[in-house]
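Engineer: Just so it is clear, I am handing over input-v5.pdb, which has PDB, N, CA and C atoms.
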MODEL        1
ATOM      1  N   MET A   1     -37.036 -57.804  31.944
ATOM      2  CA  MET A   1     -35.905 -58.093  31.086
ATOM      3  C   MET A   1     -36.268 -57.782  29.639
ATOM      4  N   ARG A   2     -35.286 -57.276  28.926
ATOM      5  CA  ARG A   2     -35.477 -56.924  27.523
ATOM      6  C   ARG A   2     -34.565 -57.765  26.639
ATOM      7  N   ASP A   3     -34.893 -57.770  25.349
ATOM      8  CA  ASP A   3     -34.091 -58.509  24.376
ATOM      9  C   ASP A   3     -32.955 -57.637  23.856
ATOM     10  N   TYR A   4     -31.758 -58.226  23.787
ATOM     11  CA  TYR A   4     -30.578 -57.526  23.293
ATOM     12  C   TYR A   4     -29.842 -58.414  22.300
ATOM     13  N   GLU A   5     -29.046 -57.770  21.470
ATOM     14  CA  GLU A   5     -28.171 -58.481  20.552
ATOM     15  C   GLU A   5     -26.780 -57.872  20.692
ATOM     16  N   LEU A   6     -25.789 -58.714  20.837
ATOM     17  CA  LEU A   6     -24.412 -58.277  21.029
ATOM     18  C   LEU A   6     -23.558 -58.790  19.879
ATOM     19  N   MET A   7     -22.890 -57.889  19.184
ATOM     20  CA  MET A   7     -21.933 -58.294  18.160
ATOM     21  C   MET A   7     -20.545 -57.947  18.647
ATOM     22  N   THR A   8     -19.637 -58.909  18.543
ATOM     23  CA  THR A   8     -18.248 -58.672  18.915
ATOM     24  C   THR A   8     -17.343 -59.026  17.754
ATOM     25  N   ILE A   9     -16.226 -58.330  17.684
ATOM     26  CA  ILE A   9     -15.174 -58.648  16.721
ATOM     27  C   ILE A   9     -13.920 -58.913  17.540
ATOM     28  N   HIS A  10     -13.426 -60.151  17.458
ATOM     29  CA  HIS A  10     -12.215 -60.536  18.176
ATOM     30  C   HIS A  10     -11.008 -60.447  17.251
ATOM     31  N   ARG A  11      -9.841 -60.315  17.848
ATOM     32  CA  ARG A  11      -8.590 -60.214  17.100
ATOM     33  C   ARG A  11      -8.385 -61.443  16.201
ATOM     34  N   PRO A  12      -7.819 -61.257  15.013
ATOM     35  CA  PRO A  12      -7.657 -62.377  14.080
ATOM     36  C   PRO A  12      -6.537 -63.345  14.460
ATOM     37  N   ASP A  13      -5.653 -62.963  15.377
ATOM     38  CA  ASP A  13      -4.555 -63.858  15.736
ATOM     39  C   ASP A  13      -4.956 -64.916  16.761
ATOM     40  N   LEU A  14      -6.196 -64.879  17.240
ATOM     41  CA  LEU A  14      -6.701 -65.907  18.147
ATOM     42  C   LEU A  14      -7.148 -67.132  17.356
ATOM     43  N   ALA A  15      -7.075 -68.295  17.988
ATOM     44  CA  ALA A  15      -7.584 -69.523  17.365
ATOM     45  C   ALA A  15      -9.098 -69.585  17.546
ATOM     46  N   GLU A  16      -9.776 -70.346  16.691
ATOM     47  CA  GLU A  16     -11.244 -70.443  16.799
ATOM     48  C   GLU A  16     -11.670 -71.041  18.130
ATOM     49  N   ASN A  17     -10.874 -71.960  18.677
ATOM     50  CA  ASN A  17     -11.194 -72.523  19.995
ATOM     51  C   ASN A  17     -11.146 -71.453  21.073
ATOM     52  N   ASP A  18     -10.192 -70.521  20.951
ATOM     53  CA  ASP A  18     -10.102 -69.423  21.915
ATOM     54  C   ASP A  18     -11.325 -68.512  21.829
ATOM     55  N   ILE A  19     -11.802 -68.295  20.613
ATOM     56  CA  ILE A  19     -12.997 -67.466  20.412
ATOM     57  C   ILE A  19     -14.196 -68.122  21.098
ATOM     58  N   GLU A  20     -14.353 -69.439  20.883
ATOM     59  CA  GLU A  20     -15.473 -70.154  21.504
ATOM     60  C   GLU A  20     -15.366 -70.110  23.026
ATOM     61  N   THR A  21     -14.148 -70.188  23.553
ATOM     62  CA  THR A  21     -13.941 -70.095  24.995
ATOM     63  C   THR A  21     -14.347 -68.722  25.512
ATOM     64  N   LYS A  22     -13.956 -67.668  24.797
ATOM     65  CA  LYS A  22     -14.307 -66.295  25.212
ATOM     66  C   LYS A  22     -15.818 -66.082  25.174
ATOM     67  N   ILE A  23     -16.486 -66.607  24.154
ATOM     68  CA  ILE A  23     -17.948 -66.484  24.077
ATOM     69  C   ILE A  23     -18.599 -67.289  25.201
ATOM     70  N   GLY A  24     -18.034 -68.440  25.538
ATOM     71  CA  GLY A  24     -18.523 -69.226  26.672
ATOM     72  C   GLY A  24     -18.396 -68.458  27.977
ATOM     73  N   GLU A  25     -17.277 -67.743  28.158
ATOM     74  CA  GLU A  25     -17.088 -66.917  29.358
ATOM     75  C   GLU A  25     -18.114 -65.787  29.395
ATOM     76  N   LEU A  26     -18.396 -65.226  28.237
ATOM     77  CA  LEU A  26     -19.407 -64.169  28.142
ATOM     78  C   LEU A  26     -20.780 -64.706  28.529
ATOM     79  N   GLU A  27     -21.131 -65.885  28.026
ATOM     80  CA  GLU A  27     -22.421 -66.491  28.355
ATOM     81  C   GLU A  27     -22.500 -66.822  29.842
ATOM     82  N   THR A  28     -21.401 -67.279  30.426
ATOM     83  CA  THR A  28     -21.360 -67.565  31.861
ATOM     84  C   THR A  28     -21.576 -66.292  32.669
ATOM     85  N   PHE A  29     -20.926 -65.202  32.241
ATOM     86  CA  PHE A  29     -21.107 -63.915  32.915
ATOM     87  C   PHE A  29     -22.564 -63.481  32.854
ATOM     88  N   LEU A  30     -23.173 -63.618  31.676
ATOM     89  CA  LEU A  30     -24.573 -63.216  31.527
ATOM     90  C   LEU A  30     -25.479 -64.044  32.429
ATOM     91  N   SER A  31     -25.306 -65.371  32.415
ATOM     92  CA  SER A  31     -26.197 -66.204  33.224
ATOM     93  C   SER A  31     -25.964 -66.001  34.721
ATOM     94  N   SER A  32     -24.762 -65.617  35.132
ATOM     95  CA  SER A  32     -24.529 -65.330  36.549
ATOM     96  C   SER A  32     -25.151 -63.991  36.953
ATOM     97  N   ASN A  33     -25.514 -63.166  35.970
ATOM     98  CA  ASN A  33     -26.192 -61.896  36.239
ATOM     99  C   ASN A  33     -27.669 -61.951  35.856
ATOM    100  N   ASP A  34     -28.264 -63.127  35.970
ATOM    101  CA  ASP A  34     -29.698 -63.349  35.745
ATOM    102  C   ASP A  34     -30.157 -63.025  34.329
ATOM    103  N   ALA A  35     -29.276 -63.214  33.355
ATOM    104  CA  ALA A  35     -29.647 -63.030  31.952
ATOM    105  C   ALA A  35     -29.804 -64.405  31.304
ATOM    106  N   GLU A  36     -30.506 -64.428  30.192
ATOM    107  CA  GLU A  36     -30.760 -65.687  29.481
ATOM    108  C   GLU A  36     -30.272 -65.551  28.042
ATOM    109  N   VAL A  37     -29.300 -66.377  27.665
ATOM    110  CA  VAL A  37     -28.780 -66.375  26.298
ATOM    111  C   VAL A  37     -29.749 -67.179  25.429
ATOM    112  N   THR A  38     -30.256 -66.544  24.374
ATOM    113  CA  THR A  38     -31.245 -67.204  23.521
ATOM    114  C   THR A  38     -30.671 -67.713  22.202
ATOM    115  N   LYS A  39     -29.563 -67.122  21.743
ATOM    116  CA  LYS A  39     -29.003 -67.528  20.458
ATOM    117  C   LYS A  39     -27.524 -67.175  20.423
ATOM    118  N   ARG A  40     -26.763 -68.002  19.729
ATOM    119  CA  ARG A  40     -25.321 -67.794  19.590
ATOM    120  C   ARG A  40     -24.959 -68.093  18.146
ATOM    121  N   ASP A  41     -24.297 -67.154  17.489
ATOM    122  CA  ASP A  41     -23.972 -67.314  16.077
ATOM    123  C   ASP A  41     -22.524 -66.884  15.837
ATOM    124  N   LEU A  42     -21.678 -67.836  15.474
ATOM    125  CA  LEU A  42     -20.278 -67.550  15.178
ATOM    126  C   LEU A  42     -20.136 -67.390  13.672
ATOM    127  N   TRP A  43     -19.767 -66.218  13.227
ATOM    128  CA  TRP A  43     -19.665 -65.933  11.793
ATOM    129  C   TRP A  43     -18.319 -66.309  11.211
ATOM    130  N   GLY A  44     -17.300 -66.414  12.034
ATOM    131  CA  GLY A  44     -15.963 -66.738  11.554
ATOM    132  C   GLY A  44     -15.169 -65.484  11.220
ATOM    133  N   LYS A  45     -14.061 -65.695  10.517
ATOM    134  CA  LYS A  45     -13.155 -64.586  10.191
ATOM    135  C   LYS A  45     -13.652 -63.858   8.944
ATOM    136  N   ARG A  46     -13.745 -62.543   9.050
ATOM    137  CA  ARG A  46     -14.201 -61.689   7.935
ATOM    138  C   ARG A  46     -13.242 -60.521   7.756
ATOM    139  N   ARG A  47     -13.172 -60.011   6.521
ATOM    140  CA  ARG A  47     -12.356 -58.825   6.235
ATOM    141  C   ARG A  47     -13.140 -57.571   6.610
ATOM    142  N   PHE A  48     -12.421 -56.567   7.108
ATOM    143  CA  PHE A  48     -13.025 -55.284   7.436
ATOM    144  C   PHE A  48     -13.114 -54.428   6.181
ATOM    145  N   ALA A  49     -14.032 -53.491   6.183
ATOM    146  CA  ALA A  49     -14.131 -52.522   5.087
ATOM    147  C   ALA A  49     -12.969 -51.536   5.152
ATOM    148  N   TYR A  50     -12.440 -51.316   6.351
ATOM    149  CA  TYR A  50     -11.291 -50.424   6.554
ATOM    150  C   TYR A  50     -10.506 -50.954   7.757
ATOM    151  N   GLU A  51      -9.253 -50.567   7.873
ATOM    152  CA  GLU A  51      -8.417 -51.042   8.975
ATOM    153  C   GLU A  51      -8.881 -50.471  10.312
ATOM    154  N   ILE A  52      -8.838 -51.320  11.321
ATOM    155  CA  ILE A  52      -9.131 -50.923  12.692
ATOM    156  C   ILE A  52      -7.922 -51.331  13.523
ATOM    157  N   ASP A  53      -7.260 -50.371  14.138
ATOM    158  CA  ASP A  53      -6.067 -50.644  14.955
ATOM    159  C   ASP A  53      -5.026 -51.459  14.186
ATOM    160  N   HIS A  54      -4.817 -51.117  12.930
ATOM    161  CA  HIS A  54      -3.861 -51.774  12.038
ATOM    162  C   HIS A  54      -4.214 -53.236  11.746
ATOM    163  N   LEU A  55      -5.471 -53.604  11.903
ATOM    164  CA  LEU A  55      -5.952 -54.951  11.582
ATOM    165  C   LEU A  55      -6.884 -54.858  10.386
ATOM    166  N   SER A  56      -6.851 -55.875   9.528
ATOM    167  CA  SER A  56      -7.720 -55.855   8.350
ATOM    168  C   SER A  56      -8.795 -56.934   8.391
ATOM    169  N   GLU A  57      -8.799 -57.780   9.442
ATOM    170  CA  GLU A  57      -9.831 -58.805   9.582
ATOM    171  C   GLU A  57      -9.992 -59.180  11.044
ATOM    172  N   GLY A  58     -11.093 -59.890  11.339
ATOM    173  CA  GLY A  58     -11.360 -60.307  12.706
ATOM    174  C   GLY A  58     -12.463 -61.355  12.739
ATOM    175  N   TYR A  59     -12.638 -61.990  13.896
ATOM    176  CA  TYR A  59     -13.678 -63.003  14.100
ATOM    177  C   TYR A  59     -14.954 -62.331  14.600
ATOM    178  N   TYR A  60     -16.031 -62.498  13.857
ATOM    179  CA  TYR A  60     -17.325 -61.910  14.220
ATOM    180  C   TYR A  60     -18.174 -62.941  14.958
ATOM    181  N   THR A  61     -18.846 -62.497  16.013
ATOM    182  CA  THR A  61     -19.810 -63.329  16.724
ATOM    183  C   THR A  61     -21.021 -62.483  17.092
ATOM    184  N   VAL A  62     -22.186 -63.124  17.125
ATOM    185  CA  VAL A  62     -23.425 -62.457  17.522
ATOM    186  C   VAL A  62     -24.082 -63.316  18.602
ATOM    187  N   VAL A  63     -24.418 -62.685  19.723
ATOM    188  CA  VAL A  63     -25.089 -63.371  20.827
ATOM    189  C   VAL A  63     -26.368 -62.606  21.133
ATOM    190  N   SER A  64     -27.492 -63.307  21.113
ATOM    191  CA  SER A  64     -28.783 -62.718  21.492
ATOM    192  C   SER A  64     -29.098 -63.152  22.921
ATOM    193  N   PHE A  65     -29.624 -62.226  23.718
ATOM    194  CA  PHE A  65     -29.910 -62.551  25.112
ATOM    195  C   PHE A  65     -31.003 -61.648  25.658
ATOM    196  N   LYS A  66     -31.581 -62.088  26.788
ATOM    197  CA  LYS A  66     -32.565 -61.308  27.536
ATOM    198  C   LYS A  66     -31.910 -60.951  28.862
ATOM    199  N   ALA A  67     -31.942 -59.662  29.203
ATOM    200  CA  ALA A  67     -31.262 -59.242  30.429
ATOM    201  C   ALA A  67     -31.823 -57.931  30.948
ATOM    202  N   GLY A  68     -31.449 -57.638  32.183
ATOM    203  CA  GLY A  68     -31.739 -56.351  32.791
ATOM    204  C   GLY A  68     -30.609 -55.382  32.488
ATOM    205  N   THR A  69     -30.806 -54.137  32.874
ATOM    206  CA  THR A  69     -29.824 -53.097  32.539
ATOM    207  C   THR A  69     -28.491 -53.297  33.253
ATOM    208  N   ASP A  70     -28.496 -53.868  34.452
ATOM    209  CA  ASP A  70     -27.238 -54.089  35.178
ATOM    210  C   ASP A  70     -26.342 -55.088  34.459
ATOM    211  N   ALA A  71     -26.934 -56.161  33.930
ATOM    212  CA  ALA A  71     -26.163 -57.165  33.196
ATOM    213  C   ALA A  71     -25.588 -56.579  31.913
ATOM    214  N   VAL A  72     -26.369 -55.734  31.236
ATOM    215  CA  VAL A  72     -25.910 -55.117  29.987
ATOM    216  C   VAL A  72     -24.742 -54.179  30.277
ATOM    217  N   ALA A  73     -24.840 -53.396  31.338
ATOM    218  CA  ALA A  73     -23.750 -52.494  31.705
ATOM    219  C   ALA A  73     -22.493 -53.279  32.075
ATOM    220  N   GLY A  74     -22.663 -54.410  32.744
ATOM    221  CA  GLY A  74     -21.521 -55.247  33.109
ATOM    222  C   GLY A  74     -20.835 -55.853  31.898
ATOM    223  N   VAL A  75     -21.624 -56.319  30.943
ATOM    224  CA  VAL A  75     -21.058 -56.890  29.712
ATOM    225  C   VAL A  75     -20.324 -55.815  28.928
ATOM    226  N   ASP A  76     -20.907 -54.637  28.846
ATOM    227  CA  ASP A  76     -20.274 -53.537  28.122
ATOM    228  C   ASP A  76     -18.920 -53.197  28.751
ATOM    229  N   ARG A  77     -18.876 -53.123  30.047
ATOM    230  CA  ARG A  77     -17.622 -52.831  30.750
ATOM    231  C   ARG A  77     -16.600 -53.944  30.533
ATOM    232  N   MET A  78     -17.048 -55.200  30.645
ATOM    233  CA  MET A  78     -16.144 -56.339  30.481
ATOM    234  C   MET A  78     -15.511 -56.346  29.084
ATOM    235  N   LEU A  79     -16.324 -56.090  28.058
ATOM    236  CA  LEU A  79     -15.812 -56.116  26.689
ATOM    237  C   LEU A  79     -14.950 -54.895  26.379
ATOM    238  N   SER A  80     -15.238 -53.773  27.010
ATOM    239  CA  SER A  80     -14.412 -52.579  26.808
ATOM    240  C   SER A  80     -12.999 -52.782  27.346
ATOM    241  N   LEU A  81     -12.868 -53.570  28.398
ATOM    242  CA  LEU A  81     -11.567 -53.813  29.015
ATOM    243  C   LEU A  81     -10.812 -54.989  28.400
ATOM    244  N   ALA A  82     -11.488 -55.816  27.606
ATOM    245  CA  ALA A  82     -10.868 -57.019  27.034
ATOM    246  C   ALA A  82      -9.942 -56.648  25.873
ATOM    247  N   ASP A  83      -8.688 -57.066  25.970
ATOM    248  CA  ASP A  83      -7.713 -56.765  24.922
ATOM    249  C   ASP A  83      -7.975 -57.536  23.632
ATOM    250  N   GLU A  84      -8.593 -58.703  23.732
ATOM    251  CA  GLU A  84      -8.817 -59.533  22.542
ATOM    252  C   GLU A  84     -10.021 -59.077  21.719
ATOM    253  N   VAL A  85     -10.824 -58.145  22.242
ATOM    254  CA  VAL A  85     -11.997 -57.640  21.523
ATOM    255  C   VAL A  85     -11.619 -56.339  20.813
ATOM    256  N   VAL A  86     -11.756 -56.349  19.480
ATOM    257  CA  VAL A  86     -11.451 -55.161  18.681
ATOM    258  C   VAL A  86     -12.592 -54.160  18.791
ATOM    259  N   ARG A  87     -13.817 -54.620  18.593
ATOM    260  CA  ARG A  87     -15.018 -53.780  18.691
ATOM    261  C   ARG A  87     -16.168 -54.626  19.241
ATOM    262  N   HIS A  88     -17.128 -53.945  19.857
ATOM    263  CA  HIS A  88     -18.366 -54.611  20.267
ATOM    264  C   HIS A  88     -19.499 -53.600  20.210
ATOM    265  N   LYS A  89     -20.690 -54.125  20.041
ATOM    266  CA  LYS A  89     -21.885 -53.267  19.977
ATOM    267  C   LYS A  89     -23.044 -54.047  20.589
ATOM    268  N   ILE A  90     -23.772 -53.396  21.487
ATOM    269  CA  ILE A  90     -24.960 -53.981  22.111
ATOM    270  C   ILE A  90     -26.160 -53.193  21.630
ATOM    271  N   VAL A  91     -27.142 -53.898  21.083
ATOM    272  CA  VAL A  91     -28.338 -53.254  20.536
ATOM    273  C   VAL A  91     -29.561 -53.819  21.250
ATOM    274  N   ARG A  92     -30.417 -52.932  21.741
ATOM    275  CA  ARG A  92     -31.690 -53.377  22.317
ATOM    276  C   ARG A  92     -32.665 -53.590  21.184
ATOM    277  N   LEU A  93     -33.250 -54.770  21.136
ATOM    278  CA  LEU A  93     -34.198 -55.091  20.074
ATOM    279  C   LEU A  93     -35.558 -54.510  20.389
ATOM    280  N   GLY A  94     -36.315 -54.163  19.369
ATOM    281  CA  GLY A  94     -37.631 -53.553  19.543
ATOM    282  C   GLY A  94     -38.639 -54.499  20.155
ATOM    283  N   ASP A  95     -39.733 -53.936  20.624
ATOM    284  CA  ASP A  95     -40.793 -54.718  21.268
ATOM    285  C   ASP A  95     -41.546 -55.570  20.308
TER     286      ASP A  95
ENDMDL
END
So that I can check it, write out the structure of this file as structure tokens.

Structural biologist:
Amino acid sequence: MRDYELMTIHRPDLAENDIETKIGELETFLSSNDAEVTKRDLWGKRRFAYEIDHLSEGYYTVVSFKAGTDAVAGVDRMLSLADEVVRHKIVRLGD
């Protein structure tokens, strides 16, 4: 298993409780795929440097986890299909 960091930007029209619920679902998905969530950081609502899909702000979250490649591919697919996620990025951390 390797260390990864996932940043997501959720739509600004969601409530903060909904964001926490979505991150909880993400953590549940990871742990059901033999991954270990090591850190969770909710940044709150931030303005974008430029508009994305006619939106000027969104909720930023960062989740650090240890996982295998299958879990990472599953998370990437899940977030790509989620309508409430504006953008996401998964970064493998160095050794």

Engineer: Would you translate the PyMOL selection byres ((chain A and resi 7) around 8) into the concrete set of residues it matches in this file, as a list in words?

Structural biologist: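 Output of the PyMOL selection byres ((chain A and resi 7) around 8): Tyr4, Glu5, Leu6, Thr8, Ile9, His10, Tyr60, Thr61, Val62, Val63, Ser64, Arg87, His88, Lys89, Ile90 and Val91 of chain A.
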
Engineer: What does the structure give for the distance between atom CA of A:Arg2 and atom N of A:Lys22, in Å to one decimal?

Structural biologist: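 Here the two named atoms are 24.2 Å from each other.
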
Engineer: What separation in Å, quoted to one decimal, exists between atom C of A:Val86 and atom C of A:Ala49?

Structural biologist: 13.9 Å

Engineer: Could you list the residues chosen by the PyMOL selection byres ((chain A and resi 72-77) around 8) in this structure as an mmCIF file with N, CA and C atoms, in the coordinates of the input?

Structural biologist:
data_model
loop_
_atom_site.group_PDB
_atom_site.id
_atom_site.type_symbol
_atom_site.label_atom_id
_atom_site.label_comp_id
_atom_site.auth_asym_id
_atom_site.auth_seq_id
_atom_site.Cartn_x
_atom_site.Cartn_y
_atom_site.Cartn_z
ATOM 1 N N LEU A 26 -18.396 -65.226 28.237
ATOM 2 C CA LEU A 26 -19.407 -64.169 28.142
ATOM 3 C C LEU A 26 -20.780 -64.706 28.529
ATOM 4 N N PHE A 29 -20.926 -65.202 32.241
ATOM 5 C CA PHE A 29 -21.107 -63.915 32.915
ATOM 6 C C PHE A 29 -22.564 -63.481 32.854
ATOM 7 N N LEU A 30 -23.173 -63.618 31.676
ATOM 8 C CA LEU A 30 -24.573 -63.216 31.527
ATOM 9 C C LEU A 30 -25.479 -64.044 32.429
ATOM 10 N N ASN A 33 -25.514 -63.166 35.970
ATOM 11 C CA ASN A 33 -26.192 -61.896 36.239
ATOM 12 C C ASN A 33 -27.669 -61.951 35.856
ATOM 13 N N LYS A 66 -31.581 -62.088 26.788
ATOM 14 C CA LYS A 66 -32.565 -61.308 27.536
ATOM 15 C C LYS A 66 -31.910 -60.951 28.862
ATOM 16 N N ALA A 67 -31.942 -59.662 29.203
ATOM 17 C CA ALA A 67 -31.262 -59.242 30.429
ATOM 18 C C ALA A 67 -31.823 -57.931 30.948
ATOM 19 N N GLY A 68 -31.449 -57.638 32.183
ATOM 20 C CA GLY A 68 -31.739 -56.351 32.791
ATOM 21 C C GLY A 68 -30.609 -55.382 32.488
ATOM 22 N N THR A 69 -30.806 -54.137 32.874
ATOM 23 C CA THR A 69 -29.824 -53.097 32.539
ATOM 24 C C THR A 69 -28.491 -53.297 33.253
ATOM 25 N N ASP A 70 -28.496 -53.868 34.452
ATOM 26 C CA ASP A 70 -27.238 -54.089 35.178
ATOM 27 C C ASP A 70 -26.342 -55.088 34.459
ATOM 28 N N ALA A 71 -26.934 -56.161 33.930
ATOM 29 C CA ALA A 71 -26.163 -57.165 33.196
ATOM 30 C C ALA A 71 -25.588 -56.579 31.913
ATOM 31 N N MET A 78 -17.048 -55.200 30.645
ATOM 32 C CA MET A 78 -16.144 -56.339 30.481
ATOM 33 C C MET A 78 -15.511 -56.346 29.084
ATOM 34 N N LEU A 79 -16.324 -56.090 28.058
ATOM 35 C CA LEU A 79 -15.812 -56.116 26.689
ATOM 36 C C LEU A 79 -14.950 -54.895 26.379
ATOM 37 N N SER A 80 -15.238 -53.773 27.010
ATOM 38 C CA SER A 80 -14.412 -52.579 26.808
ATOM 39 C C SER A 80 -12.999 -52.782 27.346
ATOM 40 N N LEU A 81 -12.868 -53.570 28.398
ATOM 41 C CA LEU A 81 -11.567 -53.813 29.015
ATOM 42 C C LEU A 81 -10.812 -54.989 28.400
ATOM 43 N N ALA A 82 -11.488 -55.816 27.606
ATOM 44 C CA ALA A 82 -10.868 -57.019 27.034
ATOM 45 C C ALA A 82 -9.942 -56.648 25.873
ATOM 46 N N HIS A 88 -17.128 -53.945 19.857
ATOM 47 C CA HIS A 88 -18.366 -54.611 20.267
ATOM 48 C C HIS A 88 -19.499 -53.600 20.210
ATOM 49 N N ILE A 90 -23.772 -53.396 21.487
ATOM 50 C CA ILE A 90 -24.960 -53.981 22.111
ATOM 51 C C ILE A 90 -26.160 -53.193 21.630
#

Engineer: Could you tell me, as a PyMOL selection string, which residues of stretch 3-85 of chain A DSSP assigns to strand (DSSP E) when given the backbone?

Structural biologist: chain A and resi 3-10+36-52+55-67+85

Engineer: Can I get the selected residues back with N, CA and C atoms, as a tab-separated table (two decimals), in the frame of the given file?

Structural biologist:
chain	number	residue	atom	x	y	z
A	3	ASP	N	-34.89	-57.77	25.35
A	3	ASP	CA	-34.09	-58.51	24.38
A	3	ASP	C	-32.96	-57.64	23.86
A	4	TYR	N	-31.76	-58.23	23.79
A	4	TYR	CA	-30.58	-57.53	23.29
A	4	TYR	C	-29.84	-58.41	22.30
A	5	GLU	N	-29.05	-57.77	21.47
A	5	GLU	CA	-28.17	-58.48	20.55
A	5	GLU	C	-26.78	-57.87	20.69
A	6	LEU	N	-25.79	-58.71	20.84
A	6	LEU	CA	-24.41	-58.28	21.03
A	6	LEU	C	-23.56	-58.79	19.88
A	7	MET	N	-22.89	-57.89	19.18
A	7	MET	CA	-21.93	-58.29	18.16
A	7	MET	C	-20.54	-57.95	18.65
A	8	THR	N	-19.64	-58.91	18.54
A	8	THR	CA	-18.25	-58.67	18.92
A	8	THR	C	-17.34	-59.03	17.75
A	9	ILE	N	-16.23	-58.33	17.68
A	9	ILE	CA	-15.17	-58.65	16.72
A	9	ILE	C	-13.92	-58.91	17.54
A	10	HIS	N	-13.43	-60.15	17.46
A	10	HIS	CA	-12.22	-60.54	18.18
A	10	HIS	C	-11.01	-60.45	17.25
A	36	GLU	N	-30.51	-64.43	30.19
A	36	GLU	CA	-30.76	-65.69	29.48
A	36	GLU	C	-30.27	-65.55	28.04
A	37	VAL	N	-29.30	-66.38	27.66
A	37	VAL	CA	-28.78	-66.38	26.30
A	37	VAL	C	-29.75	-67.18	25.43
A	38	THR	N	-30.26	-66.54	24.37
A	38	THR	CA	-31.24	-67.20	23.52
A	38	THR	C	-30.67	-67.71	22.20
A	39	LYS	N	-29.56	-67.12	21.74
A	39	LYS	CA	-29.00	-67.53	20.46
A	39	LYS	C	-27.52	-67.18	20.42
A	40	ARG	N	-26.76	-68.00	19.73
A	40	ARG	CA	-25.32	-67.79	19.59
A	40	ARG	C	-24.96	-68.09	18.15
A	41	ASP	N	-24.30	-67.15	17.49
A	41	ASP	CA	-23.97	-67.31	16.08
A	41	ASP	C	-22.52	-66.88	15.84
A	42	LEU	N	-21.68	-67.84	15.47
A	42	LEU	CA	-20.28	-67.55	15.18
A	42	LEU	C	-20.14	-67.39	13.67
A	43	TRP	N	-19.77	-66.22	13.23
A	43	TRP	CA	-19.66	-65.93	11.79
A	43	TRP	C	-18.32	-66.31	11.21
A	44	GLY	N	-17.30	-66.41	12.03
A	44	GLY	CA	-15.96	-66.74	11.55
A	44	GLY	C	-15.17	-65.48	11.22
A	45	LYS	N	-14.06	-65.69	10.52
A	45	LYS	CA	-13.16	-64.59	10.19
A	45	LYS	C	-13.65	-63.86	8.94
A	46	ARG	N	-13.74	-62.54	9.05
A	46	ARG	CA	-14.20	-61.69	7.94
A	46	ARG	C	-13.24	-60.52	7.76
A	47	ARG	N	-13.17	-60.01	6.52
A	47	ARG	CA	-12.36	-58.82	6.24
A	47	ARG	C	-13.14	-57.57	6.61
A	48	PHE	N	-12.42	-56.57	7.11
A	48	PHE	CA	-13.02	-55.28	7.44
A	48	PHE	C	-13.11	-54.43	6.18
A	49	ALA	N	-14.03	-53.49	6.18
A	49	ALA	CA	-14.13	-52.52	5.09
A	49	ALA	C	-12.97	-51.54	5.15
A	50	TYR	N	-12.44	-51.32	6.35
A	50	TYR	CA	-11.29	-50.42	6.55
A	50	TYR	C	-10.51	-50.95	7.76
A	51	GLU	N	-9.25	-50.57	7.87
A	51	GLU	CA	-8.42	-51.04	8.98
A	51	GLU	C	-8.88	-50.47	10.31
A	52	ILE	N	-8.84	-51.32	11.32
A	52	ILE	CA	-9.13	-50.92	12.69
A	52	ILE	C	-7.92	-51.33	13.52
A	55	LEU	N	-5.47	-53.60	11.90
A	55	LEU	CA	-5.95	-54.95	11.58
A	55	LEU	C	-6.88	-54.86	10.39
A	56	SER	N	-6.85	-55.88	9.53
A	56	SER	CA	-7.72	-55.86	8.35
A	56	SER	C	-8.80	-56.93	8.39
A	57	GLU	N	-8.80	-57.78	9.44
A	57	GLU	CA	-9.83	-58.80	9.58
A	57	GLU	C	-9.99	-59.18	11.04
A	58	GLY	N	-11.09	-59.89	11.34
A	58	GLY	CA	-11.36	-60.31	12.71
A	58	GLY	C	-12.46	-61.36	12.74
A	59	TYR	N	-12.64	-61.99	13.90
A	59	TYR	CA	-13.68	-63.00	14.10
A	59	TYR	C	-14.95	-62.33	14.60
A	60	TYR	N	-16.03	-62.50	13.86
A	60	TYR	CA	-17.32	-61.91	14.22
A	60	TYR	C	-18.17	-62.94	14.96
A	61	THR	N	-18.85	-62.50	16.01
A	61	THR	CA	-19.81	-63.33	16.72
A	61	THR	C	-21.02	-62.48	17.09
A	62	VAL	N	-22.19	-63.12	17.12
A	62	VAL	CA	-23.42	-62.46	17.52
A	62	VAL	C	-24.08	-63.32	18.60
A	63	VAL	N	-24.42	-62.68	19.72
A	63	VAL	CA	-25.09	-63.37	20.83
A	63	VAL	C	-26.37	-62.61	21.13
A	64	SER	N	-27.49	-63.31	21.11
A	64	SER	CA	-28.78	-62.72	21.49
A	64	SER	C	-29.10	-63.15	22.92
A	65	PHE	N	-29.62	-62.23	23.72
A	65	PHE	CA	-29.91	-62.55	25.11
A	65	PHE	C	-31.00	-61.65	25.66
A	66	LYS	N	-31.58	-62.09	26.79
A	66	LYS	CA	-32.56	-61.31	27.54
A	66	LYS	C	-31.91	-60.95	28.86
A	67	ALA	N	-31.94	-59.66	29.20
A	67	ALA	CA	-31.26	-59.24	30.43
A	67	ALA	C	-31.82	-57.93	30.95
A	85	VAL	N	-10.82	-58.14	22.24
A	85	VAL	CA	-12.00	-57.64	21.52
A	85	VAL	C	-11.62	-56.34	20.81

Engineer: So what do you get for atom CA of A:Arg11 versus atom C of A:Thr28, distance-wise?

Structural biologist: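 These atoms are spaced 21.2 Å apart.
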
Engineer: Rank nothing, just name the residue among A:Asp53, A:Leu93, A:Leu42, A:Phe48 nearest to A:Thr21, using only C-alpha atoms.

Structural biologist: A:Leu42

Engineer: Restricting the calculation to only N, CA and C atoms: of A:Val85, A:Asp13, A:Glu20, A:Phe65, which residue gets closest to A:Ala35?

Structural biologist: A:Phe65

Engineer: Please identify all polymer residues within 12 Å of A:Arg47, counting only C-alpha atoms, omitting same-chain residues fewer than 4 positions from it, and present them as a PyMOL selection string.

Structural biologist: chain A and resi 9+11-12+43+51-52+55-60

Engineer: Which residues in stretch 8-90 of chain A does DSSP call alpha helix (DSSP H)? List them as number ranges by chain.

Structural biologist: A: 16-32, 69-81
